[in-house]
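Q: Handing you this structure, nothing more for now.
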Amino acid sequence: MLTGLIRFTACIAGMSCALGLQAQLPSASSGRAYPNRPIRLIVPFPPGGSSDSVARVVVQKFSEGLGQPVVIENRPGVGGLLGSEAVAKAAPDGYTLLLGSVSSLAVAPHVFSNPRIDPETHFAAIAPILSSPLTVIARPTLHVGSIADLVALAKRKPGALNYGAAGVGTHVYLTAELFKKLAVFDAVHVPFQGGAPAMAALLAGNIDYKFDVVNTTLPQARAGKVKVLAVTSAKRIALMPEVPTLAESGFPGFDTTAWMGVVGPARLPAEIVSRLNFEVGKAVSSRDLNEVYVSQGAVPEVASPGVFAETIRREYAYWGAVVRQVGAKAD
């Protein structure tokens, strides 16, 4: 039976949430002047994709609370492992952070034989940002109108269909591989450096279908440029109530969710973790940011560092089991 994302502790009630987190802040008597210079937030995927979009939405409010600029640095490659490794090796001073995700922290370390990071020991969990189901989308010219049609076509023409994913070691790739395994058909994987080039290939008709996060699917679906066949969450989503779930489409129990959050290098001082957790939580729970994420089909998430660390541990174990089940390896 598939299991979904372990839900973060909900705390989206505006100022009440912020006040609750305020108690975690280090006191002025600690004598620390953090932060006193710009902070780097490494996004381990290319510009224009869902990770990059999330980072740019949250960074402005995050930096306002910190009183220092937060500079985004895109460092894509190896399913998010290149950027993740850079943060793991950085000084634990709070000035180099990672926009971590299910792909870079729970999937890629299992898919690549030499990941050079251990999500459980190389990082300090700071704060979640959001979670989002995936969609299954197809090019408009593909003669399918449902998941059943897609599976039937793939079985009639083994290996004739192809699908795109943002790198071999990503959550989107592994979800697509799991779907193929459960549906018992073959399709060719076409890897891309990120979600944006994969979407461009779908729009150009160069690939047949792909899994994608809701916020990048929505504008293309509303413009009639893609067919949305299903969502991967346990329940239908409010923004696309007409779209069935994969569970409703013949795959009971299928429930996978993308998530993102901020982590730093291991041994990051507790008072810095608390300060960053408070500021990220305050930004995510602000009314305007909340509305942006909800309008994109995402669920804003706020939790303590300990709860977020447990989520990472459980997701890492779960996706490791999926990798073994489907036999996914990048090298």
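FYI, nothing fancy with the structure tokens labels: chains A, B, ... in order, residues from 1 per chain, ligands from 1 as they appear.
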At a cut-off of 8 Å, using only C-alpha atoms, what residues contact Val43 (chain A)? Leave out same-chain residues fewer than 4 positions from it and give the result as a PDB file with all heavy atoms, in the first residue's frame.
A:
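The result, stored in around.pdb:
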```pdb
ATOM      1  N   SER A  51      10.735  24.400  -8.122  1.00  0.00           N
ATOM      2  CA  SER A  51      11.574  24.725  -6.962  1.00  0.00           C
ATOM      3  C   SER A  51      12.011  26.174  -7.001  1.00  0.00           C
ATOM      4  O   SER A  51      11.974  26.892  -5.992  1.00  0.00           O
ATOM      5  CB  SER A  51      12.813  23.821  -6.931  1.00  0.00           C
ATOM      6  OG  SER A  51      12.455  22.487  -6.739  1.00  0.00           O
ATOM      7  N   ASP A  52      12.425  26.625  -8.162  1.00  0.00           N
ATOM      8  CA  ASP A  52      12.875  28.004  -8.321  1.00  0.00           C
ATOM      9  C   ASP A  52      11.726  28.980  -8.060  1.00  0.00           C
ATOM     10  O   ASP A  52      11.899  30.005  -7.401  1.00  0.00           O
ATOM     11  CB  ASP A  52      13.428  28.191  -9.730  1.00  0.00           C
ATOM     12  CG  ASP A  52      14.129  29.533  -9.909  1.00  0.00           C
ATOM     13  OD1 ASP A  52      15.176  29.739  -9.270  1.00  0.00           O
ATOM     14  OD2 ASP A  52      13.618  30.365 -10.673  1.00  0.00           O
ATOM     15  N   ALA A  55      11.047  29.234  -4.337  1.00  0.00           N
ATOM     16  CA  ALA A  55      12.093  30.008  -3.674  1.00  0.00           C
ATOM     17  C   ALA A  55      11.882  31.500  -3.855  1.00  0.00           C
ATOM     18  O   ALA A  55      11.977  32.279  -2.898  1.00  0.00           O
ATOM     19  CB  ALA A  55      13.462  29.596  -4.212  1.00  0.00           C
ATOM     20  N   ILE A  72      19.295  33.927  -4.135  1.00  0.00           N
ATOM     21  CA  ILE A  72      19.075  32.597  -4.701  1.00  0.00           C
ATOM     22  C   ILE A  72      20.220  32.246  -5.642  1.00  0.00           C
ATOM     23  O   ILE A  72      20.607  33.033  -6.504  1.00  0.00           O
ATOM     24  CB  ILE A  72      17.738  32.538  -5.456  1.00  0.00           C
ATOM     25  CG1 ILE A  72      16.577  32.716  -4.481  1.00  0.00           C
ATOM     26  CG2 ILE A  72      17.593  31.216  -6.220  1.00  0.00           C
ATOM     27  CD1 ILE A  72      15.232  32.830  -5.159  1.00  0.00           C
ATOM     28  N   GLU A  73      20.751  31.053  -5.461  1.00  0.00           N
ATOM     29  CA  GLU A  73      21.792  30.539  -6.351  1.00  0.00           C
ATOM     30  C   GLU A  73      21.326  29.199  -6.917  1.00  0.00           C
ATOM     31  O   GLU A  73      21.195  28.228  -6.171  1.00  0.00           O
ATOM     32  CB  GLU A  73      23.100  30.354  -5.593  1.00  0.00           C
ATOM     33  CG  GLU A  73      24.233  29.809  -6.461  1.00  0.00           C
ATOM     34  CD  GLU A  73      25.526  29.618  -5.703  1.00  0.00           C
ATOM     35  OE1 GLU A  73      25.812  30.461  -4.810  1.00  0.00           O
ATOM     36  OE2 GLU A  73      26.234  28.644  -5.972  1.00  0.00           O
ATOM     37  N   ASN A  74      21.048  29.152  -8.207  1.00  0.00           N
ATOM     38  CA  ASN A  74      20.652  27.897  -8.852  1.00  0.00           C
ATOM     39  C   ASN A  74      21.881  27.053  -9.127  1.00  0.00           C
ATOM     40  O   ASN A  74      22.825  27.518  -9.761  1.00  0.00           O
ATOM     41  CB  ASN A  74      19.900  28.167 -10.156  1.00  0.00           C
ATOM     42  CG  ASN A  74      18.569  28.832  -9.930  1.00  0.00           C
ATOM     43  OD1 ASN A  74      18.463  30.060  -9.964  1.00  0.00           O
ATOM     44  ND2 ASN A  74      17.551  28.042  -9.674  1.00  0.00           N
ATOM     45  N   ARG A  75      21.874  25.829  -8.623  1.00  0.00           N
ATOM     46  CA  ARG A  75      22.990  24.922  -8.854  1.00  0.00           C
ATOM     47  C   ARG A  75      22.425  23.539  -9.203  1.00  0.00           C
ATOM     48  O   ARG A  75      22.376  22.646  -8.358  1.00  0.00           O
ATOM     49  CB  ARG A  75      23.898  24.861  -7.628  1.00  0.00           C
ATOM     50  CG  ARG A  75      25.251  24.203  -7.933  1.00  0.00           C
ATOM     51  CD  ARG A  75      26.200  24.256  -6.752  1.00  0.00           C
ATOM     52  NE  ARG A  75      26.640  25.606  -6.443  1.00  0.00           N
ATOM     53  CZ  ARG A  75      27.656  25.882  -5.633  1.00  0.00           C
ATOM     54  NH1 ARG A  75      28.331  24.893  -5.065  1.00  0.00           N
ATOM     55  NH2 ARG A  75      27.996  27.132  -5.390  1.00  0.00           N
ATOM     56  N   PRO A  76      21.969  23.358 -10.445  1.00  0.00           N
ATOM     57  CA  PRO A  76      21.302  22.114 -10.827  1.00  0.00           C
ATOM     58  C   PRO A  76      22.265  20.972 -11.123  1.00  0.00           C
ATOM     59  O   PRO A  76      23.461  21.190 -11.323  1.00  0.00           O
ATOM     60  CB  PRO A  76      20.542  22.515 -12.085  1.00  0.00           C
ATOM     61  CG  PRO A  76      21.385  23.586 -12.698  1.00  0.00           C
ATOM     62  CD  PRO A  76      21.977  24.334 -11.536  1.00  0.00           C
ATOM     63  N   GLY A  83      23.789  20.624  -5.815  1.00  0.00           N
ATOM     64  CA  GLY A  83      23.528  21.759  -4.934  1.00  0.00           C
ATOM     65  C   GLY A  83      23.436  21.334  -3.478  1.00  0.00           C
ATOM     66  O   GLY A  83      23.895  22.048  -2.574  1.00  0.00           O
ATOM     67  N   LEU A  98      19.826  25.483   1.933  1.00  0.00           N
ATOM     68  CA  LEU A  98      19.356  24.708   0.797  1.00  0.00           C
ATOM     69  C   LEU A  98      17.843  24.698   0.749  1.00  0.00           C
ATOM     70  O   LEU A  98      17.187  24.496   1.775  1.00  0.00           O
ATOM     71  CB  LEU A  98      19.860  23.263   0.904  1.00  0.00           C
ATOM     72  CG  LEU A  98      19.338  22.262  -0.146  1.00  0.00           C
ATOM     73  CD1 LEU A  98      19.962  22.551  -1.515  1.00  0.00           C
ATOM     74  CD2 LEU A  98      19.654  20.825   0.301  1.00  0.00           C
ATOM     75  N   LEU A  99      17.292  24.923  -0.442  1.00  0.00           N
ATOM     76  CA  LEU A  99      15.874  24.653  -0.648  1.00  0.00           C
ATOM     77  C   LEU A  99      15.777  23.150  -0.928  1.00  0.00           C
ATOM     78  O   LEU A  99      15.945  22.705  -2.060  1.00  0.00           O
ATOM     79  CB  LEU A  99      15.295  25.460  -1.813  1.00  0.00           C
ATOM     80  CG  LEU A  99      13.784  25.269  -2.004  1.00  0.00           C
ATOM     81  CD1 LEU A  99      13.009  25.956  -0.877  1.00  0.00           C
ATOM     82  CD2 LEU A  99      13.324  25.817  -3.353  1.00  0.00           C
ATOM     83  N   GLY A 100      15.566  22.387   0.116  1.00  0.00           N
ATOM     84  CA  GLY A 100      15.491  20.936  -0.014  1.00  0.00           C
ATOM     85  C   GLY A 100      14.108  20.500  -0.450  1.00  0.00           C
ATOM     86  O   GLY A 100      13.132  21.215  -0.284  1.00  0.00           O
TER      87      GLY A 100
END
```
Q: List the spatial neighbours of Thr257 (chain A) as a short mmCIF file (atom, residue, chain, number, x, y, z; two decimals) with all heavy atoms, in the first residue's frame - criterion: any atom at most 12 Å away, only C-alpha atoms, same-chain residues fewer than 3 positions off excluded.
A:
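selection_37.cif, written as the output of this step:
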```
data_model
loop_
_atom_site.label_atom_id
_atom_site.label_comp_id
_atom_site.auth_asym_id
_atom_site.auth_seq_id
_atom_site.Cartn_x
_atom_site.Cartn_y
_atom_site.Cartn_z
N LEU A 2 0.58 2.16 -0.90
CA LEU A 2 1.35 3.39 -0.93
C LEU A 2 0.91 4.31 0.20
O LEU A 2 -0.24 4.32 0.58
CB LEU A 2 1.13 4.11 -2.26
CG LEU A 2 1.63 3.39 -3.50
CD1 LEU A 2 1.26 4.18 -4.72
CD2 LEU A 2 3.12 3.18 -3.42
N THR A 3 1.84 5.07 0.68
CA THR A 3 1.51 6.06 1.70
C THR A 3 1.90 7.42 1.20
O THR A 3 2.83 7.58 0.44
CB THR A 3 2.26 5.79 3.02
OG1 THR A 3 3.65 5.75 2.76
CG2 THR A 3 1.82 4.47 3.63
N GLY A 4 1.19 8.44 1.65
CA GLY A 4 1.46 9.79 1.21
C GLY A 4 2.44 10.49 2.13
O GLY A 4 3.02 9.89 3.03
N LEU A 5 2.64 11.74 1.91
CA LEU A 5 3.54 12.55 2.71
C LEU A 5 3.07 12.60 4.15
O LEU A 5 1.89 12.72 4.42
CB LEU A 5 3.58 13.98 2.14
CG LEU A 5 4.34 15.03 2.94
CD1 LEU A 5 5.83 14.72 2.91
CD2 LEU A 5 4.07 16.40 2.37
N ILE A 6 3.98 12.45 5.09
CA ILE A 6 3.65 12.65 6.49
C ILE A 6 3.35 14.13 6.68
O ILE A 6 4.20 14.99 6.48
CB ILE A 6 4.83 12.24 7.39
CG1 ILE A 6 5.25 10.80 7.08
CG2 ILE A 6 4.46 12.39 8.85
CD1 ILE A 6 4.17 9.78 7.25
N ARG A 7 2.15 14.44 7.04
CA ARG A 7 1.73 15.84 7.11
C ARG A 7 2.48 16.60 8.18
O ARG A 7 2.68 16.10 9.29
CB ARG A 7 0.23 15.92 7.40
CG ARG A 7 -0.61 15.63 6.17
CD ARG A 7 -0.43 16.73 5.16
NE ARG A 7 -1.17 16.45 3.95
CZ ARG A 7 -0.99 17.07 2.82
NH1 ARG A 7 -0.07 18.00 2.72
NH2 ARG A 7 -1.71 16.78 1.76
N SER A 101 14.04 19.30 -1.00
CA SER A 101 12.77 18.78 -1.49
C SER A 101 12.75 17.27 -1.39
O SER A 101 13.77 16.63 -1.10
CB SER A 101 12.54 19.21 -2.95
OG SER A 101 13.47 18.54 -3.79
N VAL A 102 11.59 16.71 -1.64
CA VAL A 102 11.47 15.26 -1.68
C VAL A 102 12.43 14.67 -2.69
O VAL A 102 12.99 13.58 -2.48
CB VAL A 102 10.01 14.84 -1.97
CG1 VAL A 102 9.54 15.34 -3.32
CG2 VAL A 102 9.84 13.32 -1.89
N SER A 103 12.67 15.39 -3.80
CA SER A 103 13.59 14.88 -4.83
C SER A 103 15.03 14.82 -4.33
O SER A 103 15.70 13.79 -4.44
CB SER A 103 13.52 15.76 -6.09
OG SER A 103 12.28 15.63 -6.73
N ALA A 106 15.07 12.87 -0.43
CA ALA A 106 14.46 11.56 -0.17
C ALA A 106 14.57 10.59 -1.33
O ALA A 106 14.52 9.38 -1.12
CB ALA A 106 12.99 11.74 0.20
N LEU A 130 6.02 24.05 1.79
CA LEU A 130 4.73 23.65 1.20
C LEU A 130 4.77 22.19 0.78
O LEU A 130 5.82 21.56 0.72
CB LEU A 130 4.38 24.53 0.00
CG LEU A 130 5.34 24.58 -1.20
CD1 LEU A 130 5.22 23.35 -2.10
CD2 LEU A 130 5.06 25.81 -2.06
N SER A 131 3.60 21.67 0.48
CA SER A 131 3.47 20.36 -0.16
C SER A 131 2.48 20.51 -1.31
O SER A 131 1.68 21.44 -1.34
CB SER A 131 2.96 19.31 0.84
OG SER A 131 1.69 19.66 1.35
N SER A 132 2.58 19.60 -2.28
CA SER A 132 1.72 19.70 -3.46
C SER A 132 1.59 18.34 -4.12
O SER A 132 2.58 17.60 -4.23
CB SER A 132 2.31 20.69 -4.47
OG SER A 132 1.57 20.67 -5.69
N PRO A 133 0.39 17.97 -4.55
CA PRO A 133 0.25 16.74 -5.33
C PRO A 133 0.85 16.94 -6.71
O PRO A 133 1.15 18.07 -7.11
CB PRO A 133 -1.26 16.54 -5.41
CG PRO A 133 -1.82 17.93 -5.31
CD PRO A 133 -0.90 18.66 -4.38
N LEU A 134 1.02 15.86 -7.43
CA LEU A 134 1.44 15.93 -8.82
C LEU A 134 0.24 15.73 -9.73
O LEU A 134 -0.80 15.21 -9.32
CB LEU A 134 2.48 14.84 -9.12
CG LEU A 134 3.78 14.87 -8.32
CD1 LEU A 134 4.67 13.71 -8.73
CD2 LEU A 134 4.49 16.19 -8.49
N THR A 135 0.40 16.13 -10.97
CA THR A 135 -0.60 15.86 -12.00
C THR A 135 0.02 14.93 -13.03
O THR A 135 1.24 14.88 -13.18
CB THR A 135 -1.03 17.15 -12.71
OG1 THR A 135 0.14 17.78 -13.29
CG2 THR A 135 -1.71 18.11 -11.76
N HIS A 171 11.82 13.10 -7.60
CA HIS A 171 10.55 12.54 -7.16
C HIS A 171 9.59 12.35 -8.32
O HIS A 171 8.88 11.34 -8.40
CB HIS A 171 9.96 13.50 -6.11
CG HIS A 171 8.53 13.27 -5.78
ND1 HIS A 171 7.53 14.10 -6.23
CD2 HIS A 171 7.92 12.32 -5.04
CE1 HIS A 171 6.38 13.67 -5.77
NE2 HIS A 171 6.57 12.59 -5.05
N VAL A 172 9.58 13.30 -9.27
CA VAL A 172 8.69 13.20 -10.42
C VAL A 172 9.07 11.98 -11.26
O VAL A 172 8.19 11.22 -11.71
CB VAL A 172 8.76 14.49 -11.27
CG1 VAL A 172 7.96 14.34 -12.54
CG2 VAL A 172 8.26 15.68 -10.46
N LEU A 174 10.64 9.24 -10.21
CA LEU A 174 10.37 7.99 -9.50
C LEU A 174 8.86 7.72 -9.41
O LEU A 174 8.43 6.56 -9.49
CB LEU A 174 10.97 8.04 -8.10
CG LEU A 174 11.08 6.69 -7.39
CD1 LEU A 174 11.83 5.68 -8.25
CD2 LEU A 174 11.76 6.84 -6.04
N THR A 175 8.06 8.77 -9.30
CA THR A 175 6.61 8.58 -9.31
C THR A 175 6.16 8.02 -10.66
O THR A 175 5.30 7.13 -10.73
CB THR A 175 5.89 9.91 -9.02
OG1 THR A 175 6.27 10.39 -7.73
CG2 THR A 175 4.38 9.74 -9.04
N PHE A 211 4.64 13.68 -15.44
CA PHE A 211 4.10 14.05 -14.13
C PHE A 211 4.66 15.43 -13.79
O PHE A 211 5.81 15.72 -14.09
CB PHE A 211 4.53 13.04 -13.07
CG PHE A 211 3.79 11.72 -13.12
CD1 PHE A 211 3.97 10.85 -14.18
CD2 PHE A 211 2.91 11.37 -12.11
CE1 PHE A 211 3.30 9.64 -14.23
CE2 PHE A 211 2.23 10.16 -12.15
CZ PHE A 211 2.42 9.30 -13.21
N ASP A 212 3.83 16.26 -13.16
CA ASP A 212 4.28 17.61 -12.86
C ASP A 212 3.55 18.13 -11.62
O ASP A 212 2.48 17.62 -11.26
CB ASP A 212 4.01 18.54 -14.04
CG ASP A 212 4.94 19.75 -14.08
OD1 ASP A 212 5.73 19.91 -13.14
OD2 ASP A 212 4.87 20.52 -15.05
N VAL A 213 4.13 19.14 -10.98
CA VAL A 213 3.46 19.75 -9.84
C VAL A 213 2.31 20.64 -10.33
O VAL A 213 2.31 21.11 -11.47
CB VAL A 213 4.44 20.57 -8.97
CG1 VAL A 213 5.40 19.66 -8.24
CG2 VAL A 213 5.19 21.58 -9.81
N VAL A 214 1.36 20.87 -9.45
CA VAL A 214 0.14 21.57 -9.84
C VAL A 214 0.42 22.99 -10.31
O VAL A 214 -0.18 23.45 -11.30
CB VAL A 214 -0.87 21.59 -8.66
CG1 VAL A 214 -2.09 22.44 -9.00
CG2 VAL A 214 -1.30 20.17 -8.31
N VAL A 231 -4.59 13.37 -10.82
CA VAL A 231 -3.73 13.92 -9.78
C VAL A 231 -3.29 12.76 -8.89
O VAL A 231 -3.97 11.74 -8.79
CB VAL A 231 -4.42 15.02 -8.94
CG1 VAL A 231 -4.70 16.25 -9.78
CG2 VAL A 231 -5.70 14.50 -8.30
N THR A 232 -2.13 12.93 -8.24
CA THR A 232 -1.57 11.83 -7.46
C THR A 232 -1.96 11.84 -6.00
O THR A 232 -1.57 10.95 -5.24
CB THR A 232 -0.03 11.84 -7.54
OG1 THR A 232 0.46 13.05 -6.93
CG2 THR A 232 0.45 11.77 -8.99
N SER A 233 -2.71 12.84 -5.56
CA SER A 233 -3.13 12.92 -4.16
C SER A 233 -4.26 11.95 -3.87
O SER A 233 -4.90 11.42 -4.78
CB SER A 233 -3.57 14.35 -3.83
OG SER A 233 -4.47 14.84 -4.79
N ALA A 234 -4.53 11.73 -2.59
CA ALA A 234 -5.58 10.79 -2.19
C ALA A 234 -6.97 11.32 -2.55
O ALA A 234 -7.89 10.53 -2.81
CB ALA A 234 -5.50 10.52 -0.69
N LYS A 235 -7.11 12.65 -2.58
CA LYS A 235 -8.40 13.27 -2.90
C LYS A 235 -8.24 14.24 -4.07
O LYS A 235 -7.15 14.74 -4.31
CB LYS A 235 -8.96 14.01 -1.68
CG LYS A 235 -9.25 13.13 -0.49
CD LYS A 235 -9.80 13.95 0.67
CE LYS A 235 -10.10 13.06 1.86
NZ LYS A 235 -10.63 13.86 3.01
N PHE A 254 -2.72 4.88 -4.38
CA PHE A 254 -1.66 5.73 -4.94
C PHE A 254 -1.81 7.13 -4.37
O PHE A 254 -2.81 7.80 -4.57
CB PHE A 254 -1.78 5.77 -6.46
CG PHE A 254 -0.49 6.14 -7.16
CD1 PHE A 254 0.17 5.21 -7.96
CD2 PHE A 254 0.08 7.40 -7.01
CE1 PHE A 254 1.37 5.53 -8.60
CE2 PHE A 254 1.26 7.73 -7.64
CZ PHE A 254 1.92 6.79 -8.44
N MET A 260 8.64 20.73 -0.12
CA MET A 260 9.86 21.54 -0.11
C MET A 260 10.03 22.20 1.24
O MET A 260 9.05 22.47 1.94
CB MET A 260 9.82 22.63 -1.18
CG MET A 260 9.77 22.11 -2.59
SD MET A 260 9.73 23.47 -3.77
CE MET A 260 9.29 22.58 -5.27
N GLY A 297 -2.46 25.55 -6.01
CA GLY A 297 -2.72 24.16 -5.68
C GLY A 297 -1.79 23.58 -4.64
O GLY A 297 -1.78 22.37 -4.41
N ALA A 298 -1.00 24.41 -3.98
CA ALA A 298 -0.07 23.94 -2.96
C ALA A 298 -0.66 24.16 -1.57
O ALA A 298 -1.54 24.99 -1.38
CB ALA A 298 1.26 24.67 -3.08
N VAL A 299 -0.15 23.41 -0.61
CA VAL A 299 -0.58 23.55 0.79
C VAL A 299 0.57 24.15 1.59
O VAL A 299 1.62 23.51 1.73
CB VAL A 299 -0.96 22.17 1.39
CG1 VAL A 299 -1.37 22.32 2.85
CG2 VAL A 299 -2.07 21.52 0.58
N GLU A 315 10.22 10.07 4.88
CA GLU A 315 10.15 10.12 3.41
C GLU A 315 11.38 9.46 2.78
O GLU A 315 11.27 8.77 1.76
CB GLU A 315 10.05 11.58 2.96
CG GLU A 315 8.68 12.20 3.19
CD GLU A 315 7.66 11.75 2.16
OE1 GLU A 315 7.73 12.22 1.01
OE2 GLU A 315 6.82 10.91 2.51
N TRP A 319 10.80 6.37 0.19
CA TRP A 319 11.22 6.40 -1.22
C TRP A 319 12.38 5.45 -1.47
O TRP A 319 12.55 4.96 -2.60
CB TRP A 319 11.54 7.82 -1.64
CG TRP A 319 10.29 8.62 -1.81
CD1 TRP A 319 9.80 9.59 -0.98
CD2 TRP A 319 9.33 8.48 -2.86
NE1 TRP A 319 8.60 10.05 -1.44
CE2 TRP A 319 8.28 9.40 -2.60
CE3 TRP A 319 9.25 7.67 -3.99
CZ2 TRP A 319 7.18 9.53 -3.42
CZ3 TRP A 319 8.15 7.79 -4.83
CH2 TRP A 319 7.12 8.71 -4.54
#
```
Q: Set the distance at 12 Å and use only C-alpha atoms: which residues neighbour Ala33 (chain A) once local chain neighbours fewer than 6 positions away are removed? I'd like the list as number ranges by chain.
A: A: 26-27, 66-68, 93-94, 271-272, 275
Q: Write a file of the selected residues as a PDB file, in the first residue's frame, keeping all heavy atoms.
A:
```pdb
ATOM      1  N   PRO A  26      15.974  32.958  19.701  1.00  0.00           N
ATOM      2  CA  PRO A  26      17.009  33.203  20.695  1.00  0.00           C
ATOM      3  C   PRO A  26      16.844  34.590  21.286  1.00  0.00           C
ATOM      4  O   PRO A  26      16.430  35.519  20.609  1.00  0.00           O
ATOM      5  CB  PRO A  26      18.309  33.087  19.888  1.00  0.00           C
ATOM      6  CG  PRO A  26      17.920  33.360  18.472  1.00  0.00           C
ATOM      7  CD  PRO A  26      16.519  32.838  18.331  1.00  0.00           C
ATOM      8  N   SER A  27      17.157  34.733  22.556  1.00  0.00           N
ATOM      9  CA  SER A  27      16.987  36.032  23.201  1.00  0.00           C
ATOM     10  C   SER A  27      18.118  36.965  22.819  1.00  0.00           C
ATOM     11  O   SER A  27      19.184  36.547  22.377  1.00  0.00           O
ATOM     12  CB  SER A  27      16.981  35.845  24.725  1.00  0.00           C
ATOM     13  OG  SER A  27      18.250  35.390  25.147  1.00  0.00           O
ATOM     14  N   LEU A  66      14.457  38.714   8.232  1.00  0.00           N
ATOM     15  CA  LEU A  66      15.838  38.579   8.683  1.00  0.00           C
ATOM     16  C   LEU A  66      16.596  39.903   8.672  1.00  0.00           C
ATOM     17  O   LEU A  66      17.619  40.049   9.338  1.00  0.00           O
ATOM     18  CB  LEU A  66      16.578  37.569   7.801  1.00  0.00           C
ATOM     19  CG  LEU A  66      16.159  36.108   7.936  1.00  0.00           C
ATOM     20  CD1 LEU A  66      16.781  35.274   6.838  1.00  0.00           C
ATOM     21  CD2 LEU A  66      16.549  35.570   9.311  1.00  0.00           C
ATOM     22  N   GLY A  67      16.108  40.853   7.869  1.00  0.00           N
ATOM     23  CA  GLY A  67      16.802  42.128   7.758  1.00  0.00           C
ATOM     24  C   GLY A  67      18.054  42.051   6.907  1.00  0.00           C
ATOM     25  O   GLY A  67      18.915  42.938   6.970  1.00  0.00           O
ATOM     26  N   GLN A  68      18.177  40.993   6.115  1.00  0.00           N
ATOM     27  CA  GLN A  68      19.318  40.819   5.222  1.00  0.00           C
ATOM     28  C   GLN A  68      18.825  40.213   3.910  1.00  0.00           C
ATOM     29  O   GLN A  68      17.846  39.464   3.893  1.00  0.00           O
ATOM     30  CB  GLN A  68      20.369  39.881   5.831  1.00  0.00           C
ATOM     31  CG  GLN A  68      21.124  40.454   7.020  1.00  0.00           C
ATOM     32  CD  GLN A  68      22.088  41.548   6.622  1.00  0.00           C
ATOM     33  OE1 GLN A  68      22.506  41.649   5.470  1.00  0.00           O
ATOM     34  NE2 GLN A  68      22.447  42.396   7.593  1.00  0.00           N
ATOM     35  N   ASP A  93      27.166  28.103   9.566  1.00  0.00           N
ATOM     36  CA  ASP A  93      27.041  29.427  10.172  1.00  0.00           C
ATOM     37  C   ASP A  93      25.733  30.127   9.827  1.00  0.00           C
ATOM     38  O   ASP A  93      25.515  31.276  10.217  1.00  0.00           O
ATOM     39  CB  ASP A  93      28.224  30.307   9.746  1.00  0.00           C
ATOM     40  CG  ASP A  93      28.372  30.420   8.225  1.00  0.00           C
ATOM     41  OD1 ASP A  93      27.452  29.983   7.494  1.00  0.00           O
ATOM     42  OD2 ASP A  93      29.417  30.930   7.765  1.00  0.00           O
ATOM     43  N   GLY A  94      24.852  29.437   9.059  1.00  0.00           N
ATOM     44  CA  GLY A  94      23.557  30.023   8.725  1.00  0.00           C
ATOM     45  C   GLY A  94      23.557  30.893   7.496  1.00  0.00           C
ATOM     46  O   GLY A  94      22.524  31.471   7.152  1.00  0.00           O
ATOM     47  N   GLU A 271      20.254  28.070  18.035  1.00  0.00           N
ATOM     48  CA  GLU A 271      19.622  29.388  18.041  1.00  0.00           C
ATOM     49  C   GLU A 271      19.441  29.928  16.617  1.00  0.00           C
ATOM     50  O   GLU A 271      18.481  30.648  16.336  1.00  0.00           O
ATOM     51  CB  GLU A 271      20.418  30.381  18.900  1.00  0.00           C
ATOM     52  CG  GLU A 271      21.851  30.610  18.466  1.00  0.00           C
ATOM     53  CD  GLU A 271      22.840  29.697  19.159  1.00  0.00           C
ATOM     54  OE1 GLU A 271      22.479  28.549  19.466  1.00  0.00           O
ATOM     55  OE2 GLU A 271      23.984  30.154  19.393  1.00  0.00           O
ATOM     56  N   ILE A 272      20.360  29.567  15.712  1.00  0.00           N
ATOM     57  CA  ILE A 272      20.205  29.979  14.315  1.00  0.00           C
ATOM     58  C   ILE A 272      19.073  29.195  13.667  1.00  0.00           C
ATOM     59  O   ILE A 272      18.262  29.755  12.927  1.00  0.00           O
ATOM     60  CB  ILE A 272      21.528  29.800  13.545  1.00  0.00           C
ATOM     61  CG1 ILE A 272      22.561  30.807  14.056  1.00  0.00           C
ATOM     62  CG2 ILE A 272      21.307  29.973  12.042  1.00  0.00           C
ATOM     63  CD1 ILE A 272      23.916  30.706  13.370  1.00  0.00           C
ATOM     64  N   ARG A 275      15.852  30.778  14.815  1.00  0.00           N
ATOM     65  CA  ARG A 275      15.583  32.066  14.167  1.00  0.00           C
ATOM     66  C   ARG A 275      15.080  31.853  12.747  1.00  0.00           C
ATOM     67  O   ARG A 275      14.101  32.483  12.311  1.00  0.00           O
ATOM     68  CB  ARG A 275      16.860  32.914  14.152  1.00  0.00           C
ATOM     69  CG  ARG A 275      16.731  34.237  13.357  1.00  0.00           C
ATOM     70  CD  ARG A 275      15.828  35.231  14.065  1.00  0.00           C
ATOM     71  NE  ARG A 275      15.491  36.355  13.223  1.00  0.00           N
ATOM     72  CZ  ARG A 275      16.270  37.435  13.035  1.00  0.00           C
ATOM     73  NH1 ARG A 275      17.457  37.494  13.620  1.00  0.00           N
ATOM     74  NH2 ARG A 275      15.857  38.428  12.276  1.00  0.00           N
TER      75      ARG A 275
END
```
Q: So which residues touch Val151 (chain A) within 9 Å, counting only C-alpha atoms, skipping near sequence neighbours fewer than 3 positions away, as a PyMOL selection string?
A: chain A and resi 146-148+154-156+180+183-185
Q: Which residues are near Gln296 (chain A)? Cut-off 9 Å, only C-alpha atoms, ignore same chain within fewer than 3 positions. Put them as a list in words.
A: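 Residues meeting the cut-off are Val214, Asn215, Thr216, Leu218, Leu239, Glu291, Val292, Tyr293 and Val299 of chain A.
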